[in-house]
Amino acid sequence: MSTLAVNTLAAADAANKCAPGLPAGFCHEHAETGCVAGNGLFCFGWAADNFDRYVDPFFRQLEIAVISVAIGFVIALGLALLSHRRRFLVPPLIGLTGVLYTIPSVAFFFLLLPITGFGFWTAVIPLSAYTLQIIYRNAVVGFANVPADARDAGRGMGMSEGELLLKVELPLATPEIIAGLRIAIVSTVAVATLAFLAGAGGLGQLLSEQNNFKTNIIMIGVLTIVMALILDLIVLLCQRLLTPWLRVRAAQ
Amino acid sequence: MTKRYAGADAPAIAELELAVAGGEICVFVGPSGSGKTTAMRMVNRMVEITEGDITVGGTSVRQRSPAELRREIGYVIQQIGLFPHRTVGDNIATVPRLVGWDRDRIEARVEELLELVRIDPALRERYPAQLSGGQQQRVGVARALAADPGVMLMDEPFGAVDPINRERLQNEFLRLQAEVRKTILFVTHDIDEAIKMGDRVAVLREGGRLAQYATPAELLMAPADDFVEDFVGADRALKRLALMRVADIDLWEAPLAHIGQSMGEVREKLPAAEVPHALVIDPDRRPVGWLSDEDLAREIVPAKPDTSPDPIVELDDVLRDALSDLLQAETRYAPVVDAEGRIAGVLSVEIVSEFLTSPEALTEEHAAAERPVSE
């Protein structure tokens with residue numbers, strides 16, 4: 001925080017109950033307490049009183065992240081299934097998703113602006129594109145790690161390729177697939193903070209409105225982390241329900 | 001039938017032709033590269049046939065859809081291949097579910113199979129990782145038997161089990177086979193296992209050529225060529241002994257002496273006897289001991305002769321084990337008793353060696369499931 005910004009805030013008109021330099025929306029009775037005026041590290045009173053202003057952007061960002069990961073998951077898993085029996089497709093698909101992954105997010109948003117316009121999908125498309133690499137790679141590893149003897153036994157007992165996939169390969173690849181999903185979720189929640197640049201809103205919007213006010217920055221940071229943790233926990237819970245065999249202790 | 005792989009000069013299986021009788025165990029044995037597993041996998045079309053045909057119960061496998069065919073053929077592989085994500089019960093229920101049995105029938109069948117392979121029903125909800133190697137193997141067999149297939153394919157089913165458990169599982173499986181009477185194709189690289197498990201043994205050599213197809217006894221007595229002879233091993237004569245019980249050979253008779261009998265009568269019998277020693281038996285005809293020269297000098301037969309009767313072997317013992325007992329005790333003769341412990345004859349090292357070189361040895365045949373199993 002620059003000294004200039006602090007000085008500006010310090011010069012706040014106490015009678016006005018509003019720190020100059022803050023947008024009108026940030027003016028509040030707590031402004032005079034000194035914490036806000038002095039731009040203290042974290043003003044609890046202000047944060048408590050202003051919590052509502054974070055609720056909508058929080059759920060907006062959650063929506064962006066969840067929809068992005070969901071789309072990315074469906075596409076990446078589809079690609080993994082497509083290349084499952086066509087191994088020659090794996091290197092080009094890893095290359096392609098890798099290229100998508102390297103495009104800087106801001107550049108990606110601006111590339112899409114002329115096509116999809118300012119808004120939700122301009123943010124969601126790049127974010128889902130980023131998840132492809134992580135989820136696809138993990139799914140490919142998951143399928144490759146299915147024990148060859150389980151596959152052989154399944155075929156040998158008369159499972160069709162579809163039955164083998166649904167009853168044997170997919171369940172056994174689930175731990176790796178979910179590991180990829182978890183990485184994708186955490187990184188997408190983080191990058192979704194930039195979705196406001198594409199005009200999709202989210203917590204980043206509040207950051208852009210006031211990037212000097214420490215309490216605001218910390219609130220956004222903490223809420224983003226909380227969002228990532230909650231989603232991660234939900235997926236972890238799903239994994240435990242889906243893979244009960246991993247929790248049993250080996251004999252002896 | 002013949003199997004050729006694209007790009008290979010020589011076929012993996014060259015014009016292999018053999019018939020397996022219903023209810024018998026046919027073992028494919030051979031060194032690695034002999035195509036034994038490939039040949040077996042052609043039966044359920046896990047490997048496609050290049051030329052020729054295989055018929056199961058009169059129908060060509062080439063006319064069946066692979067999935068349908070495989071559901072009717074039990075399949076056990078070396079790594080067992082249990083599904084790690086499914087419980088024991090669900091693993092066993094695999095094929096019944098594929099063919100669409102109703103819940104109650106599957107439930108009952110799983111229970112029945114657990115009992116058949118001697119797995120504690122409490123383990124039904126466990127996952128394979130919670131079982132010992134031997135238990136996993138038995139679950140693998142139960143799974144293969146689930147839809148009651150007429151034919152079973154077993155690829156080194158005991159290969160991943162330690163030697164002590166392997167022996168036990170082999171014996172258990174033979175007992176099981178005596179009950180279920182499946183037509184079994186059994187693949188192994190271990191000639192001892194082949195001889196033990198097989199009703200007939202197909203010895204394959206490099207390139208999937210059939211070197212000999214014969215009963216275990218024939219294989220041991222009359223190897224078709226040097227390859228089979230080498231493969232069967234220099235101890236093939238001894239291996240034959242594992243296929244027989246003591247009861248299967250003609251035993252010798254020793255002069256019997258009853259406790260309290262006058263020694264004079266015993267001494268009279270000695271010169272003409274097959275066994276030049278007299279055996280003392282109690283009133284229940286149980287062997288008590290051998291009479292020594294000092295004993296023979298007495299007036300009456302003593303209740304406690306100088307020489308112990310050990311080793312005593314039973315009619316039901318595996319001949320190889322009985323011989324081993326004889327050699328270990330460094331004696332030439334062993335009394336043989338029946339199930340009640342009554343004397344039935346005397347076994348000697350000479351009888352065994354004579355028997356091995358006699359032509360009648362060839363005709364001594366037992367189905368694998370009825371053969372003695374040494375514990």
# chains A, B, ... in the order shown; residues from 1 in each chain; ligands from 1
call {"tool": "closest_atom_pairs", "arguments": {"of": "chain A", "to": "chain B", "cutoff": "9 Å", "atoms": "only C-alpha atoms", "output": "JSON lines"}}
result
{"residue": "A:Pro147", "atom": "CA", "partner": "B:Gly81", "partner_atom": "CA", "distance": 8.1}
{"residue": "A:Ala148", "atom": "CA", "partner": "B:Gly81", "partner_atom": "CA", "distance": 8.2}
{"residue": "A:Asp149", "atom": "CA", "partner": "B:Gly81", "partner_atom": "CA", "distance": 4.6}
{"residue": "A:Ala150", "atom": "CA", "partner": "B:Gly81", "partner_atom": "CA", "distance": 4.5}
{"residue": "A:Arg151", "atom": "CA", "partner": "B:Gly81", "partner_atom": "CA", "distance": 7.8}
{"residue": "A:Asp152", "atom": "CA", "partner": "B:Gly81", "partner_atom": "CA", "distance": 7.4}
{"residue": "A:Ala153", "atom": "CA", "partner": "B:Gly81", "partner_atom": "CA", "distance": 5.5}
{"residue": "A:Gly154", "atom": "CA", "partner": "B:Gly81", "partner_atom": "CA", "distance": 8.3}
{"residue": "A:Arg155", "atom": "CA", "partner": "B:Ala67", "partner_atom": "CA", "distance": 7.7}
{"residue": "A:Gly156", "atom": "CA", "partner": "B:Arg70", "partner_atom": "CA", "distance": 5.9}
{"residue": "A:Met157", "atom": "CA", "partner": "B:Arg70", "partner_atom": "CA", "distance": 5.3}
{"residue": "A:Gly158", "atom": "CA", "partner": "B:Ala67", "partner_atom": "CA", "distance": 4.1}
{"residue": "A:Met159", "atom": "CA", "partner": "B:Ala67", "partner_atom": "CA", "distance": 6.1}
{"residue": "A:Ser160", "atom": "CA", "partner": "B:Ala67", "partner_atom": "CA", "distance": 6.2}
{"residue": "A:Glu163", "atom": "CA", "partner": "B:Leu98", "partner_atom": "CA", "distance": 8.8}
{"residue": "A:Val168", "atom": "CA", "partner": "B:Phe83", "partner_atom": "CA", "distance": 7.2}
{"residue": "A:Pro171", "atom": "CA", "partner": "B:His85", "partner_atom": "CA", "distance": 7.2}
{"residue": "A:Leu172", "atom": "CA", "partner": "B:His85", "partner_atom": "CA", "distance": 6.7}
{"residue": "A:Thr243", "atom": "CA", "partner": "B:His85", "partner_atom": "CA", "distance": 7.3}
{"residue": "A:Pro244", "atom": "CA", "partner": "B:His85", "partner_atom": "CA", "distance": 7.7}
{"residue": "A:Trp245", "atom": "CA", "partner": "B:His85", "partner_atom": "CA", "distance": 5.4}
{"residue": "A:Leu246", "atom": "CA", "partner": "B:His85", "partner_atom": "CA", "distance": 7.9}
{"residue": "A:Val248", "atom": "CA", "partner": "B:Gln130", "partner_atom": "CA", "distance": 7.2}
{"residue": "A:Arg249", "atom": "CA", "partner": "B:Gln130", "partner_atom": "CA", "distance": 6.5}
{"residue": "A:Ala250", "atom": "CA", "partner": "B:Gln130", "partner_atom": "CA", "distance": 4.7}
{"residue": "A:Ala251", "atom": "CA", "partner": "B:Gln130", "partner_atom": "CA", "distance": 4.2}
{"residue": "A:Gln252", "atom": "CA", "partner": "B:Gln130", "partner_atom": "CA", "distance": 7.9}
call {"tool": "atom_distance", "arguments": {"atom1": "CA of Ala303 (chain B)", "atom2": "CA of Leu279 (chain B)"}}
result
11.5 Å
call {"tool": "select_by_dssp", "arguments": {"residues": "region 15-243 of chain B", "states": "strand (DSSP E or B)", "output": "ChimeraX atom specification"}}
result
/B:25-29,51,55-56,59-60,73-76,151-155,183-188,200-205,209-214
call {"tool": "write_last_selection", "arguments": {"atoms": "C-alpha atoms", "output": "PDB file, in the first residue's frame"}}
result
ATOM      1  CA  ILE B  25      -8.593 -81.795 -16.484  1.00  0.00           C
ATOM      2  CA  CYS B  26      -6.341 -81.296 -19.491  1.00  0.00           C
ATOM      3  CA  VAL B  27      -3.092 -79.556 -18.626  1.00  0.00           C
ATOM      4  CA  PHE B  28      -1.076 -77.548 -21.138  1.00  0.00           C
ATOM      5  CA  VAL B  29       2.494 -77.560 -19.958  1.00  0.00           C
ATOM      6  CA  GLU B  51      -6.658 -71.277 -39.109  1.00  0.00           C
ATOM      7  CA  THR B  55     -15.457 -76.801 -30.828  1.00  0.00           C
ATOM      8  CA  VAL B  56     -16.917 -76.711 -27.343  1.00  0.00           C
ATOM      9  CA  THR B  59     -20.337 -76.053 -31.476  1.00  0.00           C
ATOM     10  CA  SER B  60     -17.593 -74.081 -33.160  1.00  0.00           C
ATOM     11  CA  ILE B  73     -16.684 -70.617 -19.940  1.00  0.00           C
ATOM     12  CA  GLY B  74     -15.153 -70.152 -16.498  1.00  0.00           C
ATOM     13  CA  TYR B  75     -11.954 -68.109 -16.536  1.00  0.00           C
ATOM     14  CA  VAL B  76      -9.234 -68.025 -13.892  1.00  0.00           C
ATOM     15  CA  VAL B 151     -15.818 -75.625 -19.313  1.00  0.00           C
ATOM     16  CA  MET B 152     -13.190 -73.801 -17.283  1.00  0.00           C
ATOM     17  CA  LEU B 153      -9.965 -72.182 -18.441  1.00  0.00           C
ATOM     18  CA  MET B 154      -7.303 -71.829 -15.775  1.00  0.00           C
ATOM     19  CA  ASP B 155      -4.076 -70.009 -16.569  1.00  0.00           C
ATOM     20  CA  THR B 183     -14.046 -79.903 -18.291  1.00  0.00           C
ATOM     21  CA  ILE B 184     -10.920 -77.949 -17.500  1.00  0.00           C
ATOM     22  CA  LEU B 185      -8.062 -76.569 -19.550  1.00  0.00           C
ATOM     23  CA  PHE B 186      -5.273 -75.875 -17.127  1.00  0.00           C
ATOM     24  CA  VAL B 187      -2.079 -74.057 -18.101  1.00  0.00           C
ATOM     25  CA  THR B 188       1.134 -74.318 -16.116  1.00  0.00           C
ATOM     26  CA  ARG B 200      -4.198 -85.758 -19.456  1.00  0.00           C
ATOM     27  CA  VAL B 201      -1.175 -83.594 -20.076  1.00  0.00           C
ATOM     28  CA  ALA B 202      -0.304 -81.848 -23.330  1.00  0.00           C
ATOM     29  CA  VAL B 203       3.389 -81.035 -23.450  1.00  0.00           C
ATOM     30  CA  LEU B 204       3.963 -78.104 -25.794  1.00  0.00           C
ATOM     31  CA  ARG B 205       7.285 -76.998 -27.181  1.00  0.00           C
ATOM     32  CA  ARG B 209       3.931 -77.681 -31.347  1.00  0.00           C
ATOM     33  CA  LEU B 210       2.417 -80.582 -29.453  1.00  0.00           C
ATOM     34  CA  ALA B 211       5.245 -82.807 -28.225  1.00  0.00           C
ATOM     35  CA  GLN B 212       3.089 -85.346 -26.426  1.00  0.00           C
ATOM     36  CA  TYR B 213      -0.482 -85.670 -25.251  1.00  0.00           C
ATOM     37  CA  ALA B 214      -0.858 -88.440 -22.728  1.00  0.00           C
TER      38      ALA B 214
END
call {"tool": "select_by_dssp", "arguments": {"residues": "region 33-93 of chain A", "states": "helix (DSSP H, G or I)", "output": "short mmCIF file (atom, residue, chain, number, x, y, z; two decimals) with N, CA and C atoms, in the first residue's frame"}}
result
data_model
loop_
_atom_site.label_atom_id
_atom_site.label_comp_id
_atom_site.auth_asym_id
_atom_site.auth_seq_id
_atom_site.Cartn_x
_atom_site.Cartn_y
_atom_site.Cartn_z
N THR A 33 -14.29 5.10 12.71
CA THR A 33 -13.60 4.41 13.80
C THR A 33 -12.09 4.52 13.70
N PHE A 44 -12.61 -5.50 11.40
CA PHE A 44 -13.65 -6.52 11.65
C PHE A 44 -15.05 -5.92 11.62
N GLY A 45 -15.18 -4.75 12.30
CA GLY A 45 -16.50 -4.11 12.38
C GLY A 45 -17.02 -3.80 10.99
N TRP A 46 -16.16 -3.24 10.19
CA TRP A 46 -16.56 -2.87 8.83
C TRP A 46 -16.94 -4.13 8.05
N ALA A 47 -16.09 -5.16 8.19
CA ALA A 47 -16.33 -6.39 7.44
C ALA A 47 -17.66 -7.01 7.84
N ALA A 48 -17.94 -6.99 9.16
CA ALA A 48 -19.20 -7.58 9.63
C ALA A 48 -20.39 -6.80 9.09
N ASP A 49 -20.29 -5.49 9.15
CA ASP A 49 -21.41 -4.66 8.70
C ASP A 49 -21.60 -4.69 7.19
N ASP A 52 -22.90 -8.22 3.49
CA ASP A 52 -23.88 -8.42 2.40
C ASP A 52 -23.30 -8.11 1.03
N ARG A 53 -22.46 -7.12 1.01
CA ARG A 53 -21.98 -6.70 -0.32
C ARG A 53 -21.13 -7.80 -0.97
N TYR A 54 -20.66 -8.77 -0.17
CA TYR A 54 -19.84 -9.84 -0.73
C TYR A 54 -20.67 -11.06 -1.15
N VAL A 55 -21.89 -11.11 -0.64
CA VAL A 55 -22.69 -12.33 -0.85
C VAL A 55 -22.97 -12.59 -2.34
N ASP A 56 -23.52 -11.62 -3.00
CA ASP A 56 -23.86 -11.83 -4.42
C ASP A 56 -22.62 -12.12 -5.29
N PRO A 57 -21.57 -11.29 -5.14
CA PRO A 57 -20.36 -11.60 -5.94
C PRO A 57 -19.79 -12.98 -5.63
N PHE A 58 -19.88 -13.39 -4.32
CA PHE A 58 -19.39 -14.71 -3.94
C PHE A 58 -20.12 -15.80 -4.73
N PHE A 59 -21.47 -15.70 -4.72
CA PHE A 59 -22.22 -16.75 -5.42
C PHE A 59 -22.06 -16.66 -6.93
N ARG A 60 -21.83 -15.44 -7.40
CA ARG A 60 -21.58 -15.27 -8.83
C ARG A 60 -20.28 -16.00 -9.22
N GLN A 61 -19.26 -15.79 -8.38
CA GLN A 61 -17.97 -16.43 -8.68
C GLN A 61 -18.08 -17.95 -8.54
N LEU A 62 -18.84 -18.38 -7.54
CA LEU A 62 -19.07 -19.81 -7.35
C LEU A 62 -19.73 -20.41 -8.59
N GLU A 63 -20.72 -19.68 -9.09
CA GLU A 63 -21.44 -20.13 -10.27
C GLU A 63 -20.48 -20.25 -11.46
N ILE A 64 -19.67 -19.21 -11.66
CA ILE A 64 -18.71 -19.21 -12.77
C ILE A 64 -17.77 -20.40 -12.65
N ALA A 65 -17.23 -20.58 -11.42
CA ALA A 65 -16.25 -21.65 -11.23
C ALA A 65 -16.88 -23.02 -11.43
N VAL A 66 -18.04 -23.23 -10.80
CA VAL A 66 -18.66 -24.56 -10.87
C VAL A 66 -19.07 -24.89 -12.30
N ILE A 67 -19.69 -23.94 -12.97
CA ILE A 67 -20.11 -24.22 -14.35
C ILE A 67 -18.89 -24.45 -15.25
N SER A 68 -17.83 -23.67 -15.04
CA SER A 68 -16.62 -23.85 -15.86
C SER A 68 -16.03 -25.24 -15.65
N VAL A 69 -15.90 -25.63 -14.37
CA VAL A 69 -15.32 -26.94 -14.09
C VAL A 69 -16.23 -28.05 -14.62
N ALA A 70 -17.55 -27.87 -14.46
CA ALA A 70 -18.48 -28.90 -14.93
C ALA A 70 -18.35 -29.09 -16.44
N ILE A 71 -18.32 -27.98 -17.18
CA ILE A 71 -18.17 -28.09 -18.63
C ILE A 71 -16.83 -28.73 -18.98
N GLY A 72 -15.78 -28.23 -18.31
CA GLY A 72 -14.44 -28.78 -18.58
C GLY A 72 -14.39 -30.26 -18.27
N PHE A 73 -15.03 -30.66 -17.16
CA PHE A 73 -15.02 -32.07 -16.73
C PHE A 73 -15.69 -32.95 -17.78
N VAL A 74 -16.85 -32.50 -18.24
CA VAL A 74 -17.59 -33.30 -19.23
C VAL A 74 -16.77 -33.45 -20.51
N ILE A 75 -16.19 -32.33 -20.97
CA ILE A 75 -15.41 -32.39 -22.22
C ILE A 75 -14.15 -33.25 -22.03
N ALA A 76 -13.42 -33.00 -20.92
CA ALA A 76 -12.16 -33.71 -20.70
C ALA A 76 -12.40 -35.21 -20.54
N LEU A 77 -13.46 -35.56 -19.81
CA LEU A 77 -13.75 -36.98 -19.62
C LEU A 77 -14.18 -37.61 -20.95
N GLY A 78 -14.95 -36.84 -21.72
CA GLY A 78 -15.33 -37.31 -23.05
C GLY A 78 -14.10 -37.57 -23.91
N LEU A 79 -13.15 -36.65 -23.86
CA LEU A 79 -11.92 -36.82 -24.63
C LEU A 79 -11.15 -38.05 -24.14
N ALA A 80 -11.13 -38.22 -22.81
CA ALA A 80 -10.41 -39.37 -22.25
C ALA A 80 -11.05 -40.68 -22.70
N LEU A 81 -12.38 -40.71 -22.72
CA LEU A 81 -13.08 -41.92 -23.17
C LEU A 81 -12.84 -42.15 -24.66
N LEU A 82 -12.83 -41.04 -25.41
CA LEU A 82 -12.60 -41.12 -26.85
C LEU A 82 -11.21 -41.70 -27.14
N SER A 83 -10.21 -41.26 -26.38
CA SER A 83 -8.84 -41.71 -26.65
C SER A 83 -8.50 -42.98 -25.88
N HIS A 84 -9.46 -43.48 -25.07
CA HIS A 84 -9.19 -44.65 -24.24
C HIS A 84 -8.84 -45.87 -25.09
N ARG A 87 -5.36 -45.02 -28.43
CA ARG A 87 -4.24 -44.42 -27.71
C ARG A 87 -3.49 -43.39 -28.54
N PHE A 88 -3.54 -43.54 -29.87
CA PHE A 88 -2.80 -42.60 -30.72
C PHE A 88 -3.32 -41.17 -30.57
N LEU A 89 -4.52 -41.01 -30.05
CA LEU A 89 -5.09 -39.68 -29.87
C LEU A 89 -4.56 -38.97 -28.63
N VAL A 90 -3.92 -39.73 -27.73
CA VAL A 90 -3.52 -39.13 -26.45
C VAL A 90 -2.49 -38.00 -26.63
N PRO A 91 -1.36 -38.23 -27.34
CA PRO A 91 -0.38 -37.14 -27.46
C PRO A 91 -0.95 -35.87 -28.10
N PRO A 92 -1.67 -35.97 -29.23
CA PRO A 92 -2.22 -34.71 -29.78
C PRO A 92 -3.21 -34.03 -28.83
N LEU A 93 -4.00 -34.81 -28.10
CA LEU A 93 -4.96 -34.19 -27.20
C LEU A 93 -4.27 -33.54 -26.01
#
call {"tool": "residues_around", "arguments": {"residues": "region 184-189 of chain A", "least_positions_apart": "3", "cutoff": "8 Å", "atoms": "only C-alpha atoms", "output": "VMD selection string"}}
result
chain A and resid 61 to 62 65 to 66 68 to 69 127 130 to 131 134 to 135 180 to 181 192 to 193 224 227 to 229 231 to 232
call {"tool": "write_last_selection", "arguments": {"atoms": "all heavy atoms", "output": "compact mmCIF listing (two decimals), in the first residue's frame"}}
result
# COMPACT_ATOMS: atom_id res chain seq x y z
N GLN A 61 -19.26 -15.79 -8.38
CA GLN A 61 -17.97 -16.43 -8.68
C GLN A 61 -18.08 -17.95 -8.54
O GLN A 61 -17.50 -18.70 -9.34
CB GLN A 61 -16.88 -15.90 -7.74
CG GLN A 61 -15.49 -16.44 -8.09
CD GLN A 61 -14.38 -15.60 -7.49
OE1 GLN A 61 -14.58 -14.42 -7.19
NE2 GLN A 61 -13.21 -16.18 -7.32
N LEU A 62 -18.84 -18.38 -7.54
CA LEU A 62 -19.07 -19.81 -7.35
C LEU A 62 -19.73 -20.41 -8.59
O LEU A 62 -19.32 -21.46 -9.10
CB LEU A 62 -19.96 -20.02 -6.12
CG LEU A 62 -20.22 -21.47 -5.70
CD1 LEU A 62 -18.95 -22.09 -5.15
CD2 LEU A 62 -21.32 -21.54 -4.64
N ALA A 65 -17.23 -20.58 -11.42
CA ALA A 65 -16.25 -21.65 -11.23
C ALA A 65 -16.88 -23.02 -11.43
O ALA A 65 -16.33 -23.87 -12.14
CB ALA A 65 -15.63 -21.54 -9.83
N VAL A 66 -18.04 -23.23 -10.80
CA VAL A 66 -18.66 -24.56 -10.87
C VAL A 66 -19.07 -24.89 -12.30
O VAL A 66 -18.80 -26.00 -12.79
CB VAL A 66 -19.87 -24.65 -9.91
CG1 VAL A 66 -20.67 -25.92 -10.18
CG2 VAL A 66 -19.40 -24.63 -8.47
N SER A 68 -17.83 -23.67 -15.04
CA SER A 68 -16.62 -23.85 -15.86
C SER A 68 -16.03 -25.24 -15.65
O SER A 68 -15.69 -25.94 -16.61
CB SER A 68 -15.56 -22.81 -15.48
OG SER A 68 -16.04 -21.52 -15.68
N VAL A 69 -15.90 -25.63 -14.37
CA VAL A 69 -15.32 -26.94 -14.09
C VAL A 69 -16.23 -28.05 -14.62
O VAL A 69 -15.77 -29.04 -15.20
CB VAL A 69 -15.05 -27.14 -12.58
CG1 VAL A 69 -14.59 -28.56 -12.30
CG2 VAL A 69 -14.01 -26.16 -12.10
N LEU A 127 -12.12 -20.39 -18.73
CA LEU A 127 -11.92 -21.14 -17.49
C LEU A 127 -12.14 -22.63 -17.71
O LEU A 127 -11.39 -23.46 -17.17
CB LEU A 127 -12.88 -20.62 -16.39
CG LEU A 127 -12.54 -19.23 -15.84
CD1 LEU A 127 -13.58 -18.81 -14.80
CD2 LEU A 127 -11.15 -19.22 -15.24
N TYR A 130 -9.15 -24.11 -19.44
CA TYR A 130 -7.98 -24.36 -18.59
C TYR A 130 -8.09 -25.70 -17.85
O TYR A 130 -7.08 -26.33 -17.56
CB TYR A 130 -7.83 -23.24 -17.55
CG TYR A 130 -7.40 -21.93 -18.16
CD1 TYR A 130 -7.81 -20.72 -17.62
CD2 TYR A 130 -6.55 -21.90 -19.26
CE1 TYR A 130 -7.42 -19.52 -18.18
CE2 TYR A 130 -6.16 -20.71 -19.83
CZ TYR A 130 -6.60 -19.52 -19.30
OH TYR A 130 -6.21 -18.35 -19.84
N THR A 131 -9.31 -26.10 -17.52
CA THR A 131 -9.44 -27.33 -16.73
C THR A 131 -9.17 -28.58 -17.58
O THR A 131 -8.86 -29.64 -17.04
CB THR A 131 -10.85 -27.48 -16.14
OG1 THR A 131 -11.78 -27.62 -17.22
CG2 THR A 131 -11.23 -26.30 -15.28
N ILE A 134 -5.72 -30.43 -17.09
CA ILE A 134 -5.56 -31.11 -15.80
C ILE A 134 -6.45 -32.36 -15.73
O ILE A 134 -6.00 -33.45 -15.39
CB ILE A 134 -5.94 -30.15 -14.64
CG1 ILE A 134 -5.10 -28.88 -14.74
CG2 ILE A 134 -5.75 -30.83 -13.30
CD1 ILE A 134 -5.63 -27.73 -13.91
N ILE A 135 -7.73 -32.18 -16.05
CA ILE A 135 -8.65 -33.31 -15.91
C ILE A 135 -8.35 -34.39 -16.93
O ILE A 135 -8.35 -35.58 -16.62
CB ILE A 135 -10.12 -32.83 -16.02
CG1 ILE A 135 -10.40 -31.79 -14.92
CG2 ILE A 135 -11.09 -34.00 -15.89
CD1 ILE A 135 -11.77 -31.14 -15.02
N GLY A 180 -7.70 -35.07 -10.38
CA GLY A 180 -7.63 -34.02 -11.39
C GLY A 180 -8.72 -32.99 -11.19
O GLY A 180 -8.47 -31.78 -11.27
N LEU A 181 -9.90 -33.49 -10.88
CA LEU A 181 -11.04 -32.59 -10.67
C LEU A 181 -10.75 -31.63 -9.52
O LEU A 181 -11.06 -30.43 -9.59
CB LEU A 181 -12.28 -33.44 -10.37
CG LEU A 181 -13.60 -32.69 -10.22
CD1 LEU A 181 -13.95 -31.96 -11.50
CD2 LEU A 181 -14.71 -33.66 -9.83
N ALA A 192 -11.07 -17.54 -11.39
CA ALA A 192 -12.39 -16.94 -11.58
C ALA A 192 -12.48 -15.56 -10.94
O ALA A 192 -13.39 -14.78 -11.26
CB ALA A 192 -13.48 -17.85 -11.01
N THR A 193 -11.52 -15.24 -10.07
CA THR A 193 -11.48 -13.90 -9.49
C THR A 193 -11.26 -12.84 -10.60
O THR A 193 -11.60 -11.68 -10.45
CB THR A 193 -10.34 -13.82 -8.45
OG1 THR A 193 -10.42 -14.98 -7.63
CG2 THR A 193 -10.47 -12.60 -7.57
N THR A 224 -12.41 -16.33 -1.32
CA THR A 224 -12.01 -17.17 -2.44
C THR A 224 -11.45 -18.50 -1.93
O THR A 224 -11.77 -19.58 -2.44
CB THR A 224 -10.96 -16.45 -3.31
OG1 THR A 224 -11.49 -15.19 -3.69
CG2 THR A 224 -10.61 -17.26 -4.54
N MET A 227 -14.24 -20.62 -0.60
CA MET A 227 -14.98 -21.21 -1.71
C MET A 227 -14.25 -22.45 -2.24
O MET A 227 -14.85 -23.51 -2.43
CB MET A 227 -15.13 -20.18 -2.84
CG MET A 227 -16.08 -20.61 -3.94
SD MET A 227 -16.01 -19.48 -5.34
CE MET A 227 -16.39 -17.93 -4.55
N ALA A 228 -12.95 -22.30 -2.43
CA ALA A 228 -12.16 -23.42 -2.95
C ALA A 228 -12.20 -24.60 -1.97
O ALA A 228 -12.37 -25.76 -2.37
CB ALA A 228 -10.73 -22.97 -3.20
N LEU A 229 -12.08 -24.28 -0.68
CA LEU A 229 -12.06 -25.35 0.33
C LEU A 229 -13.40 -26.09 0.37
O LEU A 229 -13.43 -27.31 0.46
CB LEU A 229 -11.73 -24.77 1.70
CG LEU A 229 -10.26 -24.40 1.92
CD1 LEU A 229 -10.07 -23.80 3.32
CD2 LEU A 229 -9.37 -25.63 1.75
N LEU A 231 -15.69 -26.38 -2.00
CA LEU A 231 -15.87 -27.21 -3.19
C LEU A 231 -14.98 -28.45 -3.13
O LEU A 231 -15.39 -29.56 -3.46
CB LEU A 231 -15.56 -26.40 -4.45
CG LEU A 231 -16.58 -25.32 -4.80
CD1 LEU A 231 -16.12 -24.53 -6.01
CD2 LEU A 231 -17.94 -25.95 -5.08
N ASP A 232 -13.75 -28.24 -2.67
CA ASP A 232 -12.81 -29.35 -2.58
C ASP A 232 -13.34 -30.40 -1.61
O ASP A 232 -13.27 -31.61 -1.88
CB ASP A 232 -11.45 -28.82 -2.09
CG ASP A 232 -10.35 -29.86 -2.25
OD1 ASP A 232 -10.33 -30.52 -3.32
OD2 ASP A 232 -9.55 -30.02 -1.34
call {"tool": "residues_around", "arguments": {"residues": "Phe109 (chain A)", "least_positions_apart": "2", "cutoff": "10 Å", "atoms": "only C-alpha atoms", "output": "count of residues only"}}
result
26
call {"tool": "atom_distance", "arguments": {"atom1": "CA of Asp120 (chain B)", "atom2": "CA of Ala178 (chain B)"}}
result
21.5 Å
call {"tool": "atom_distance", "arguments": {"atom1": "CA of Ala334 (chain B)", "atom2": "CA of Leu243 (chain B)"}}
result
19.9 Å
call {"tool": "residues_around", "arguments": {"residues": "Val301 (chain B)", "least_positions_apart": "6", "cutoff": "10 Å", "atoms": "only C-alpha atoms", "output": "number ranges by chain"}}
result
B: 257-266, 280-281, 291, 295
